[in-house]
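Have a look at query_36.csv; it's CSV, C-alpha atoms:
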chain,number,residue,atom,x,y,z
A,1,MET,CA,-14.8,-32.9,-17.5
A,2,PRO,CA,-13.7,-32.0,-14.0
A,3,LYS,CA,-15.9,-29.3,-12.4
A,4,PRO,CA,-14.1,-25.9,-12.9
A,5,ASN,CA,-12.3,-24.8,-9.8
A,6,VAL,CA,-14.2,-21.7,-8.8
A,7,ARG,CA,-11.6,-20.8,-6.1
A,8,GLU,CA,-8.8,-20.9,-8.6
A,9,GLN,CA,-10.8,-18.8,-11.1
A,10,LEU,CA,-11.5,-16.2,-8.4
A,11,ILE,CA,-7.8,-15.9,-7.5
A,12,GLU,CA,-6.5,-15.7,-11.1
A,13,ALA,CA,-9.1,-13.2,-12.3
A,14,GLY,CA,-9.3,-11.3,-9.0
A,15,LEU,CA,-5.5,-10.9,-8.8
A,16,LYS,CA,-5.7,-9.1,-12.1
A,17,THR,CA,-8.5,-6.9,-10.9
A,18,LEU,CA,-6.8,-5.9,-7.6
A,19,TYR,CA,-3.5,-5.3,-9.5
A,20,ARG,CA,-5.2,-3.0,-12.0
A,21,HIS,CA,-7.7,-1.1,-9.8
A,22,GLY,CA,-6.3,-1.4,-6.3
A,23,TYR,CA,-8.0,-2.9,-3.2
A,24,ASN,CA,-10.5,-0.1,-2.5
A,25,GLY,CA,-11.1,0.3,-6.2
A,26,SER,CA,-12.2,-3.3,-6.6
A,27,GLY,CA,-15.5,-4.5,-5.2
A,28,VAL,CA,-16.3,-8.2,-4.6
A,29,GLN,CA,-18.7,-7.9,-7.6
A,30,ASP,CA,-15.9,-6.7,-9.8
A,31,ILE,CA,-13.9,-9.8,-8.8
A,32,THR,CA,-16.7,-12.3,-9.3
A,33,ASP,CA,-17.5,-10.6,-12.7
A,34,ALA,CA,-13.9,-10.9,-13.8
A,35,ALA,CA,-13.9,-14.6,-12.8
A,36,SER,CA,-17.3,-15.1,-14.5
A,37,VAL,CA,-18.7,-16.7,-11.3
A,38,PRO,CA,-21.9,-15.7,-9.3
A,39,LYS,CA,-21.2,-13.1,-6.6
A,40,GLY,CA,-22.6,-15.5,-3.9
A,41,SER,CA,-19.8,-18.0,-4.6
A,42,PHE,CA,-17.2,-15.6,-3.3
A,43,TYR,CA,-18.0,-16.1,0.3
A,44,ASN,CA,-18.0,-19.9,-0.1
A,45,HIS,CA,-14.3,-19.6,-0.7
A,46,PHE,CA,-13.1,-16.6,1.2
A,47,LYS,CA,-14.3,-15.1,4.5
A,48,SER,CA,-13.7,-11.5,3.3
A,49,LYS,CA,-12.3,-9.4,0.5
A,50,GLU,CA,-9.3,-8.8,2.9
A,51,ALA,CA,-8.7,-12.6,3.2
A,52,PHE,CA,-9.0,-12.9,-0.6
A,53,ALA,CA,-6.5,-10.1,-1.2
A,54,ALA,CA,-4.0,-11.7,1.2
A,55,GLU,CA,-4.2,-14.9,-0.9
A,56,ALA,CA,-3.9,-13.0,-4.1
A,57,LEU,CA,-0.8,-11.2,-2.8
A,58,GLU,CA,0.7,-14.6,-1.8
A,59,ARG,CA,0.1,-15.9,-5.3
A,60,TYR,CA,1.7,-12.8,-6.8
A,61,TRP,CA,4.8,-13.2,-4.6
A,62,GLN,CA,5.1,-17.0,-5.4
A,63,SER,CA,4.9,-16.2,-9.1
A,64,GLY,CA,8.3,-14.4,-8.8
A,65,ALA,CA,10.1,-17.5,-7.5
A,66,GLY,CA,11.5,-18.4,-10.9
A,67,ARG,CA,13.0,-15.0,-11.3
A,68,ARG,CA,14.5,-15.1,-7.8
A,69,ALA,CA,16.3,-18.3,-8.6
A,70,LEU,CA,18.6,-16.1,-10.8
A,71,LEU,CA,20.0,-14.7,-7.5
A,72,THR,CA,21.2,-18.0,-6.2
A,73,ASP,CA,23.0,-19.3,-9.3
A,74,ALA,CA,26.5,-19.8,-7.9
A,75,GLU,CA,27.8,-20.2,-11.4
A,76,VAL,CA,27.3,-16.5,-12.1
A,77,ASP,CA,29.2,-13.6,-10.7
A,78,PRO,CA,27.1,-12.2,-7.8
A,79,VAL,CA,27.0,-8.6,-9.1
A,80,GLU,CA,26.0,-9.9,-12.5
A,81,ARG,CA,23.3,-12.0,-10.8
A,82,LEU,CA,21.9,-8.8,-9.2
A,83,ARG,CA,22.0,-6.9,-12.5
A,84,GLN,CA,20.2,-9.7,-14.4
A,85,TYR,CA,17.6,-10.1,-11.7
A,86,PHE,CA,16.6,-6.4,-11.7
A,87,ARG,CA,16.7,-6.4,-15.5
A,88,THR,CA,14.2,-9.3,-15.5
A,89,LEU,CA,12.0,-7.5,-13.1
A,90,ALA,CA,12.2,-4.4,-15.3
A,91,ASP,CA,11.2,-6.4,-18.4
A,92,ALA,CA,8.1,-7.5,-16.5
A,93,VAL,CA,7.2,-3.9,-15.6
A,94,VAL,CA,7.6,-2.9,-19.2
A,95,ARG,CA,5.4,-5.8,-20.4
A,96,ASN,CA,2.7,-4.6,-18.1
A,97,GLU,CA,2.9,-1.3,-19.8
A,98,PHE,CA,3.8,0.4,-16.5
A,99,GLU,CA,0.1,0.7,-15.6
A,100,LYS,CA,0.0,-1.9,-12.9
A,101,GLY,CA,3.4,-1.3,-11.2
A,102,CYS,CA,4.1,-3.9,-8.5
A,103,LEU,CA,1.3,-5.4,-6.5
A,104,ILE,CA,3.5,-5.5,-3.4
A,105,GLY,CA,4.3,-1.8,-3.7
A,106,ASN,CA,0.7,-0.9,-4.5
A,107,PHE,CA,-0.6,-2.7,-1.4
A,108,SER,CA,2.2,-1.2,0.7
A,109,THR,CA,1.0,2.3,0.1
A,110,GLU,CA,-2.8,1.6,-0.1
A,111,LEU,CA,-3.3,-1.0,2.7
A,112,SER,CA,-0.5,-0.7,5.4
A,113,GLY,CA,-2.7,1.7,7.4
A,114,GLN,CA,-6.0,-0.1,6.6
A,115,SER,CA,-5.4,-3.8,7.0
A,116,PRO,CA,-3.2,-5.3,9.7
A,117,GLU,CA,-3.5,-8.7,7.9
A,118,ILE,CA,-2.1,-7.4,4.6
A,119,ARG,CA,0.5,-5.3,6.4
A,120,GLU,CA,1.9,-8.4,8.2
A,121,ARG,CA,1.9,-10.4,5.0
A,122,LEU,CA,3.7,-7.6,3.2
A,123,ALA,CA,6.4,-7.4,6.0
A,124,ALA,CA,6.9,-11.2,5.7
A,125,ILE,CA,7.3,-10.9,1.9
A,126,TYR,CA,9.8,-8.1,2.1
A,127,ALA,CA,11.8,-10.0,4.8
A,128,ALA,CA,12.0,-13.1,2.5
A,129,TRP,CA,12.8,-11.0,-0.5
A,130,GLY,CA,15.5,-9.1,1.3
A,131,ARG,CA,17.1,-12.4,2.5
A,132,VAL,CA,17.5,-13.7,-1.1
A,133,ILE,CA,19.1,-10.4,-2.2
A,134,GLU,CA,21.2,-10.2,1.0
A,135,THR,CA,22.8,-13.6,0.2
A,136,CYS,CA,23.8,-12.3,-3.2
A,137,VAL,CA,25.2,-9.1,-1.6
A,138,ARG,CA,27.2,-11.2,0.8
A,139,ALA,CA,28.7,-13.2,-2.1
A,140,ALA,CA,29.6,-9.9,-3.8
A,141,ARG,CA,31.2,-8.6,-0.6
A,142,GLU,CA,33.3,-11.8,-0.3
A,143,ALA,CA,34.5,-11.1,-3.8
A,144,GLY,CA,35.5,-7.5,-2.7
A,145,ARG,CA,32.9,-5.9,-5.0
A,146,VAL,CA,30.7,-4.0,-2.5
A,147,ARG,CA,31.6,-0.3,-1.9
A,148,PRO,CA,29.6,0.8,1.1
A,149,LYS,CA,30.6,-0.7,4.5
A,150,ALA,CA,26.9,-0.9,5.6
A,151,PRO,CA,25.7,-4.4,6.7
A,152,ALA,CA,24.6,-6.6,3.8
A,153,SER,CA,21.1,-6.6,5.2
A,154,ALA,CA,20.9,-2.8,5.0
A,155,ILE,CA,22.2,-2.8,1.4
A,156,ALA,CA,19.7,-5.5,0.4
A,157,GLY,CA,16.9,-3.5,2.0
A,158,PHE,CA,18.1,-0.3,0.2
A,159,LEU,CA,18.1,-2.1,-3.2
A,160,LEU,CA,14.7,-3.6,-2.6
A,161,ASN,CA,13.1,-0.3,-1.5
A,162,SER,CA,14.8,1.7,-4.2
A,163,TRP,CA,13.5,-0.8,-6.7
A,164,GLU,CA,10.0,-0.3,-5.5
A,165,GLY,CA,10.5,3.4,-5.7
A,166,ALA,CA,11.6,3.1,-9.3
A,167,VAL,CA,8.6,1.0,-10.2
A,168,LEU,CA,6.3,3.5,-8.5
A,169,ARG,CA,7.8,6.3,-10.6
A,170,ALA,CA,7.7,4.3,-13.8
A,171,LYS,CA,4.0,3.9,-13.2
A,172,VAL,CA,3.5,7.7,-13.1
A,173,GLU,CA,5.8,8.4,-16.1
A,174,ARG,CA,4.7,5.4,-18.1
A,175,ASP,CA,8.3,5.1,-19.1
A,176,LYS,CA,11.1,2.8,-18.3
A,177,SER,CA,13.7,5.5,-17.6
A,178,PRO,CA,13.3,5.3,-13.8
A,179,LEU,CA,14.1,1.6,-14.1
A,180,GLU,CA,17.1,2.3,-16.3
A,181,GLN,CA,18.3,5.0,-13.9
A,182,PHE,CA,18.1,2.5,-11.0
A,183,GLU,CA,20.5,0.2,-12.9
A,184,GLN,CA,22.7,2.9,-14.0
A,185,VAL,CA,23.2,4.5,-10.6
A,186,VAL,CA,23.2,1.4,-8.4
A,187,PHE,CA,25.8,-0.5,-10.5
A,188,ALA,CA,28.1,2.5,-10.8
A,189,SER,CA,27.9,3.4,-7.1
A,190,LEU,CA,27.3,0.4,-4.8
A,191,PHE,CA,29.4,-2.2,-6.6
A,192,THR,CA,32.8,-2.1,-8.1
B,193,MET,CA,-16.2,37.3,12.7
B,194,PRO,CA,-15.4,36.5,9.1
B,195,LYS,CA,-17.5,33.8,7.5
B,196,PRO,CA,-15.6,30.6,7.7
B,197,ASN,CA,-14.0,29.6,4.4
B,198,VAL,CA,-15.7,26.4,3.5
B,199,ARG,CA,-13.4,25.7,0.6
B,200,GLU,CA,-10.3,26.0,2.8
B,201,GLN,CA,-11.9,23.8,5.5
B,202,LEU,CA,-12.6,21.1,2.9
B,203,ILE,CA,-9.0,21.2,1.6
B,204,GLU,CA,-7.4,21.1,5.0
B,205,ALA,CA,-9.6,18.4,6.5
B,206,GLY,CA,-10.0,16.5,3.2
B,207,LEU,CA,-6.2,16.4,2.6
B,208,LYS,CA,-5.9,14.5,6.0
B,209,THR,CA,-8.7,12.1,5.0
B,210,LEU,CA,-7.1,11.3,1.6
B,211,TYR,CA,-3.7,11.0,3.2
B,212,ARG,CA,-4.9,8.5,5.7
B,213,HIS,CA,-7.4,6.5,3.8
B,214,GLY,CA,-6.4,6.9,0.2
B,215,TYR,CA,-8.5,8.2,-2.7
B,216,ASN,CA,-10.7,5.2,-3.2
B,217,GLY,CA,-11.0,4.7,0.6
B,218,SER,CA,-12.4,8.2,1.1
B,219,GLY,CA,-15.9,9.1,0.0
B,220,VAL,CA,-17.1,12.7,-0.5
B,221,GLN,CA,-19.2,12.2,2.6
B,222,ASP,CA,-16.0,11.3,4.6
B,223,ILE,CA,-14.4,14.5,3.4
B,224,THR,CA,-17.3,16.7,4.2
B,225,ASP,CA,-17.7,15.0,7.6
B,226,ALA,CA,-14.0,15.6,8.4
B,227,ALA,CA,-14.5,19.3,7.4
B,228,SER,CA,-17.7,19.6,9.4
B,229,VAL,CA,-19.6,21.0,6.4
B,230,PRO,CA,-22.8,19.8,4.7
B,231,LYS,CA,-22.2,17.2,1.9
B,232,GLY,CA,-24.0,19.4,-0.6
B,233,SER,CA,-21.4,22.2,-0.2
B,234,PHE,CA,-18.6,20.0,-1.7
B,235,TYR,CA,-19.8,20.4,-5.3
B,236,ASN,CA,-20.2,24.2,-4.8
B,237,HIS,CA,-16.4,24.3,-4.6
B,238,PHE,CA,-15.1,21.3,-6.6
B,239,LYS,CA,-16.5,19.8,-9.7
B,240,SER,CA,-15.5,16.2,-8.6
B,241,LYS,CA,-13.6,14.2,-6.0
B,242,GLU,CA,-10.8,13.9,-8.6
B,243,ALA,CA,-10.6,17.7,-9.0
B,244,PHE,CA,-10.5,18.0,-5.2
B,245,ALA,CA,-7.7,15.4,-4.9
B,246,ALA,CA,-5.7,17.3,-7.5
B,247,GLU,CA,-5.9,20.5,-5.3
B,248,ALA,CA,-5.2,18.6,-2.1
B,249,LEU,CA,-2.1,17.1,-3.8
B,250,GLU,CA,-0.9,20.5,-4.9
B,251,ARG,CA,-1.4,21.8,-1.3
B,252,TYR,CA,0.6,18.9,0.0
B,253,TRP,CA,3.4,19.6,-2.4
B,254,GLN,CA,3.5,23.3,-1.6
B,255,SER,CA,3.7,22.6,2.1
B,256,GLY,CA,7.2,21.1,1.4
B,257,ALA,CA,8.6,24.3,-0.1
B,258,GLY,CA,10.2,25.4,3.2
B,259,ARG,CA,12.1,22.1,3.5
B,260,ARG,CA,13.1,22.3,-0.2
B,261,ALA,CA,14.8,25.6,0.5
B,262,LEU,CA,17.4,23.7,2.4
B,263,LEU,CA,18.6,22.4,-0.9
B,264,THR,CA,19.4,25.8,-2.3
B,265,ASP,CA,21.4,27.3,0.6
B,266,ALA,CA,24.7,28.0,-1.1
B,267,GLU,CA,26.3,28.6,2.3
B,268,VAL,CA,26.1,24.9,3.0
B,269,ASP,CA,28.2,22.1,1.4
B,270,PRO,CA,26.0,20.5,-1.3
B,271,VAL,CA,26.3,16.9,-0.1
B,272,GLU,CA,25.5,18.1,3.5
B,273,ARG,CA,22.4,20.0,2.0
B,274,LEU,CA,21.2,16.7,0.5
B,275,ARG,CA,21.8,14.8,3.7
B,276,GLN,CA,20.0,17.5,5.8
B,277,TYR,CA,17.1,17.6,3.4
B,278,PHE,CA,16.4,13.9,3.5
B,279,ARG,CA,16.8,13.9,7.3
B,280,THR,CA,14.2,16.6,7.5
B,281,LEU,CA,11.8,14.5,5.3
B,282,ALA,CA,12.6,11.4,7.5
B,283,ASP,CA,11.6,13.4,10.6
B,284,ALA,CA,8.3,14.3,9.1
B,285,VAL,CA,7.6,10.6,8.2
B,286,VAL,CA,8.5,9.6,11.8
B,287,ARG,CA,6.2,12.3,13.2
B,288,ASN,CA,3.3,10.9,11.1
B,289,GLU,CA,4.1,7.5,12.8
B,290,PHE,CA,4.8,6.0,9.4
B,291,GLU,CA,1.1,5.3,8.9
B,292,LYS,CA,0.5,7.9,6.2
B,293,GLY,CA,3.7,7.6,4.2
B,294,CYS,CA,4.0,10.3,1.5
B,295,LEU,CA,0.8,11.5,-0.3
B,296,ILE,CA,2.8,11.8,-3.6
B,297,GLY,CA,3.9,8.2,-3.4
B,298,ASN,CA,0.5,7.0,-2.2
B,299,PHE,CA,-1.3,8.6,-5.2
B,300,SER,CA,1.4,7.4,-7.5
B,301,THR,CA,0.6,3.7,-6.9
B,302,GLU,CA,-3.2,4.2,-6.4
B,303,LEU,CA,-4.1,6.6,-9.1
B,304,SER,CA,-1.6,6.6,-12.0
B,305,GLY,CA,-3.8,4.0,-13.8
B,306,GLN,CA,-7.1,5.5,-12.7
B,307,SER,CA,-6.9,9.2,-13.1
B,308,PRO,CA,-5.1,11.0,-16.0
B,309,GLU,CA,-5.6,14.3,-14.2
B,310,ILE,CA,-3.8,13.1,-11.0
B,311,ARG,CA,-1.1,11.3,-13.0
B,312,GLU,CA,-0.2,14.5,-14.9
B,313,ARG,CA,-0.1,16.5,-11.7
B,314,LEU,CA,2.2,13.8,-10.1
B,315,ALA,CA,4.5,13.9,-13.2
B,316,ALA,CA,4.8,17.7,-12.9
B,317,ILE,CA,5.5,17.5,-9.2
B,318,TYR,CA,8.2,14.9,-9.6
B,319,ALA,CA,9.8,16.9,-12.4
B,320,ALA,CA,9.9,20.0,-10.2
B,321,TRP,CA,11.2,18.1,-7.2
B,322,GLY,CA,13.8,16.4,-9.4
B,323,ARG,CA,15.0,19.8,-10.7
B,324,VAL,CA,15.7,21.1,-7.1
B,325,ILE,CA,17.6,18.0,-6.2
B,326,GLU,CA,19.5,18.0,-9.6
B,327,THR,CA,20.8,21.5,-8.9
B,328,CYS,CA,22.2,20.3,-5.6
B,329,VAL,CA,23.8,17.2,-7.3
B,330,ARG,CA,25.4,19.5,-9.9
B,331,ALA,CA,26.9,21.6,-7.2
B,332,ALA,CA,28.2,18.5,-5.5
B,333,ARG,CA,29.7,17.3,-8.8
B,334,GLU,CA,31.5,20.6,-9.4
B,335,ALA,CA,33.0,20.1,-6.0
B,336,GLY,CA,34.2,16.6,-7.1
B,337,ARG,CA,31.9,14.8,-4.6
B,338,VAL,CA,29.8,12.7,-6.9
B,339,ARG,CA,30.9,9.1,-7.7
B,340,PRO,CA,28.7,7.8,-10.5
B,341,LYS,CA,29.3,9.3,-14.0
B,342,ALA,CA,25.5,9.3,-14.7
B,343,PRO,CA,23.9,12.6,-15.6
B,344,ALA,CA,22.9,14.7,-12.6
B,345,SER,CA,19.3,14.4,-13.7
B,346,ALA,CA,19.5,10.6,-13.5
B,347,ILE,CA,21.1,10.8,-10.1
B,348,ALA,CA,18.4,13.2,-8.9
B,349,GLY,CA,15.7,10.9,-10.2
B,350,PHE,CA,17.3,7.9,-8.5
B,351,LEU,CA,17.5,9.7,-5.2
B,352,LEU,CA,13.9,10.8,-5.4
B,353,ASN,CA,12.5,7.4,-6.4
B,354,SER,CA,14.6,5.6,-3.8
B,355,TRP,CA,13.4,8.0,-1.2
B,356,GLU,CA,9.8,7.2,-2.1
B,357,GLY,CA,10.6,3.5,-1.9
B,358,ALA,CA,12.1,3.9,1.5
B,359,VAL,CA,9.0,5.7,2.7
B,360,LEU,CA,6.7,3.0,1.2
B,361,ARG,CA,8.7,0.4,3.1
B,362,ALA,CA,8.7,2.4,6.4
B,363,LYS,CA,4.9,2.5,6.1
B,364,VAL,CA,4.8,-1.3,6.0
B,365,GLU,CA,7.4,-1.8,8.8
B,366,ARG,CA,6.2,1.1,10.9
B,367,ASP,CA,9.8,1.6,11.6
B,368,LYS,CA,12.4,4.2,10.5
B,369,SER,CA,15.1,1.7,9.6
B,370,PRO,CA,14.3,1.9,5.8
B,371,LEU,CA,14.9,5.7,6.1
B,372,GLU,CA,18.1,5.2,8.0
B,373,GLN,CA,19.3,2.6,5.4
B,374,PHE,CA,18.6,5.1,2.7
B,375,GLU,CA,20.9,7.7,4.3
B,376,GLN,CA,23.5,5.1,5.2
B,377,VAL,CA,23.8,3.6,1.7
B,378,VAL,CA,23.3,6.7,-0.4
B,379,PHE,CA,25.9,8.8,1.4
B,380,ALA,CA,28.5,6.0,1.5
B,381,SER,CA,28.1,5.1,-2.2
B,382,LEU,CA,27.0,8.0,-4.4
B,383,PHE,CA,29.0,10.8,-2.8
B,384,THR,CA,32.5,11.1,-1.6

Transcribe the structure of this file into structure tokens.
Amino acid sequence: MPKPNVREQLIEAGLKTLYRHGYNGSGVQDITDAASVPKGSFYNHFKSKEAFAAEALERYWQSGAGRRALLTDAEVDPVERLRQYFRTLADAVVRNEFEKGCLIGNFSTELSGQSPEIRERLAAIYAAWGRVIETCVRAAREAGRVRPKAPASAIAGFLLNSWEGAVLRAKVERDKSPLEQFEQVVFASLFT
Amino acid sequence: MPKPNVREQLIEAGLKTLYRHGYNGSGVQDITDAASVPKGSFYNHFKSKEAFAAEALERYWQSGAGRRALLTDAEVDPVERLRQYFRTLADAVVRNEFEKGCLIGNFSTELSGQSPEIRERLAAIYAAWGRVIETCVRAAREAGRVRPKAPASAIAGFLLNSWEGAVLRAKVERDKSPLEQFEQVVFASLFT
């Protein structure tokens, strides 16, 4: 039997802890308890809770790569790609029973003022996320399907930020109607 | 000289502390230190930090009543009212140097899973906020200015949630461009 990978256990279990209870609501002890490893082992793998949270955030972001591939499938109409992508994200929020929201959005409000390391990581994630959506918006524009004249990057940013706002609201309401309203209004207004 | 109102000092200074550091990032000691009152006095006025945060949130919401009055000024074109309202909110975010975001949005992500009391208060605030915006959207629709056929309540919810998303993103970027993109895309897409 290989020796269990303590670092991996910490990231997997700790990501769930941070996702549910927030950064300041999760102590190192909570993370090591969730991973069933001794508290002392944490600092063998991570120099701080902040460094750990940055890695957990990166893991969370990477876990969405399969969904983001929907946006680059050139076989599918670009507006339909966007619609399917946000539906797939909505399904994930519903599966989480709304309670956890989006870790990227949660860290944005909780940590942007507190941790320069996390804030920079968030900015890089949003930039990469925006670029994938922007490529799809450009394809929709080439097909004459985009109503506003704003740059594709501004439309992509708006979609992304509005999505995070819808998830934040769904977390309060514990209801998917904010996610449905997002789809209903976006696809009746921004695209033809 | 009247005796200083300790309760009022706690709310004023503690609101700033919660706004900047979040709920779990602010201890009762931080709040009483900020208010320059003895720690013991806190529990003479509030039964818990949670009860205190609910009052601070209410105070924050009430402080926006003057801005919300812009939405009900029947002398002004309803689409222009909405534009001016969100511009005024954007000015406030810029004045806070993006660092603090919106207390309503911050509590939404941090506390919806943790505190039923705060979550209920947030839902009531969003409902009231949505109603004021909805009235303005209805007036715009009567004037033939609303593009999507979605119910006015859904459009109002979308505007509100998208605004919170823009503020969340501005907090990460420390830049007003998400707020500008909100205006640029919304007023070129949803309204004619």

Taking 4 positions as the minimum chain separation for residues in the same chain, which residues sit within 9 Å of Leu190 of chain A when counting all atoms listed in the file? Answer as a compact mmCIF listing (two decimals) with C-alpha atoms, in the frame of the given file.
# COMPACT_ATOMS: atom_id res chain seq x y z
CA ARG A 145 32.90 -5.90 -5.00
CA VAL A 146 30.70 -4.00 -2.50
CA ARG A 147 31.60 -0.30 -1.90
CA PRO A 148 29.60 0.80 1.10
CA ILE A 155 22.20 -2.80 1.40
CA VAL A 185 23.20 4.50 -10.60
CA VAL A 186 23.20 1.40 -8.40
CA VAL B 377 23.80 3.60 1.70
CA VAL B 378 23.30 6.70 -0.40
CA ALA B 380 28.50 6.00 1.50
CA SER B 381 28.10 5.10 -2.20
CA LEU B 382 27.00 8.00 -4.40

Next item on the list: Pick out the chain B residues within 8 Å of chain A. Count all atoms listed in the file. Give them as number ranges by chain.
Entry: B: 212-214, 216-217, 291-293, 297-298, 300-302, 304-306, 311-312, 314-315, 339-342, 346-347, 349-350, 353-358, 360-361, 363-365, 370, 373-374, 376-377, 380-382

Note to self: Quick check, in Å to one decimal: how far apart do atom CA of Val229 of chain B and atom CA of Arg251 of chain B lie?
What the structure shows: 19.8 Å

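The two atoms in question, atom CA of Trp253 of chain B and atom CA of Arg279 of chain B, are spaced 17.5 Å apart.
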
Item checked: Between atom CA of Glu117 of chain A and atom CA of Asp283 of chain B, distance in Å (one decimal) ->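 We find that atom CA of Glu117 of chain A and atom CA of Asp283 of chain B lie 26.9 Å from each other.
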
Next item on the list: Would you mind telling me which residue in B:Ala319, B:Ser307, B:Asp269, B:Ala284 lies nearest to Gly336 of chain B when using only C-alpha atoms?
Entry: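 Residue with the minimum atom-to-atom distance to Gly336 of chain B: B:Asp269.
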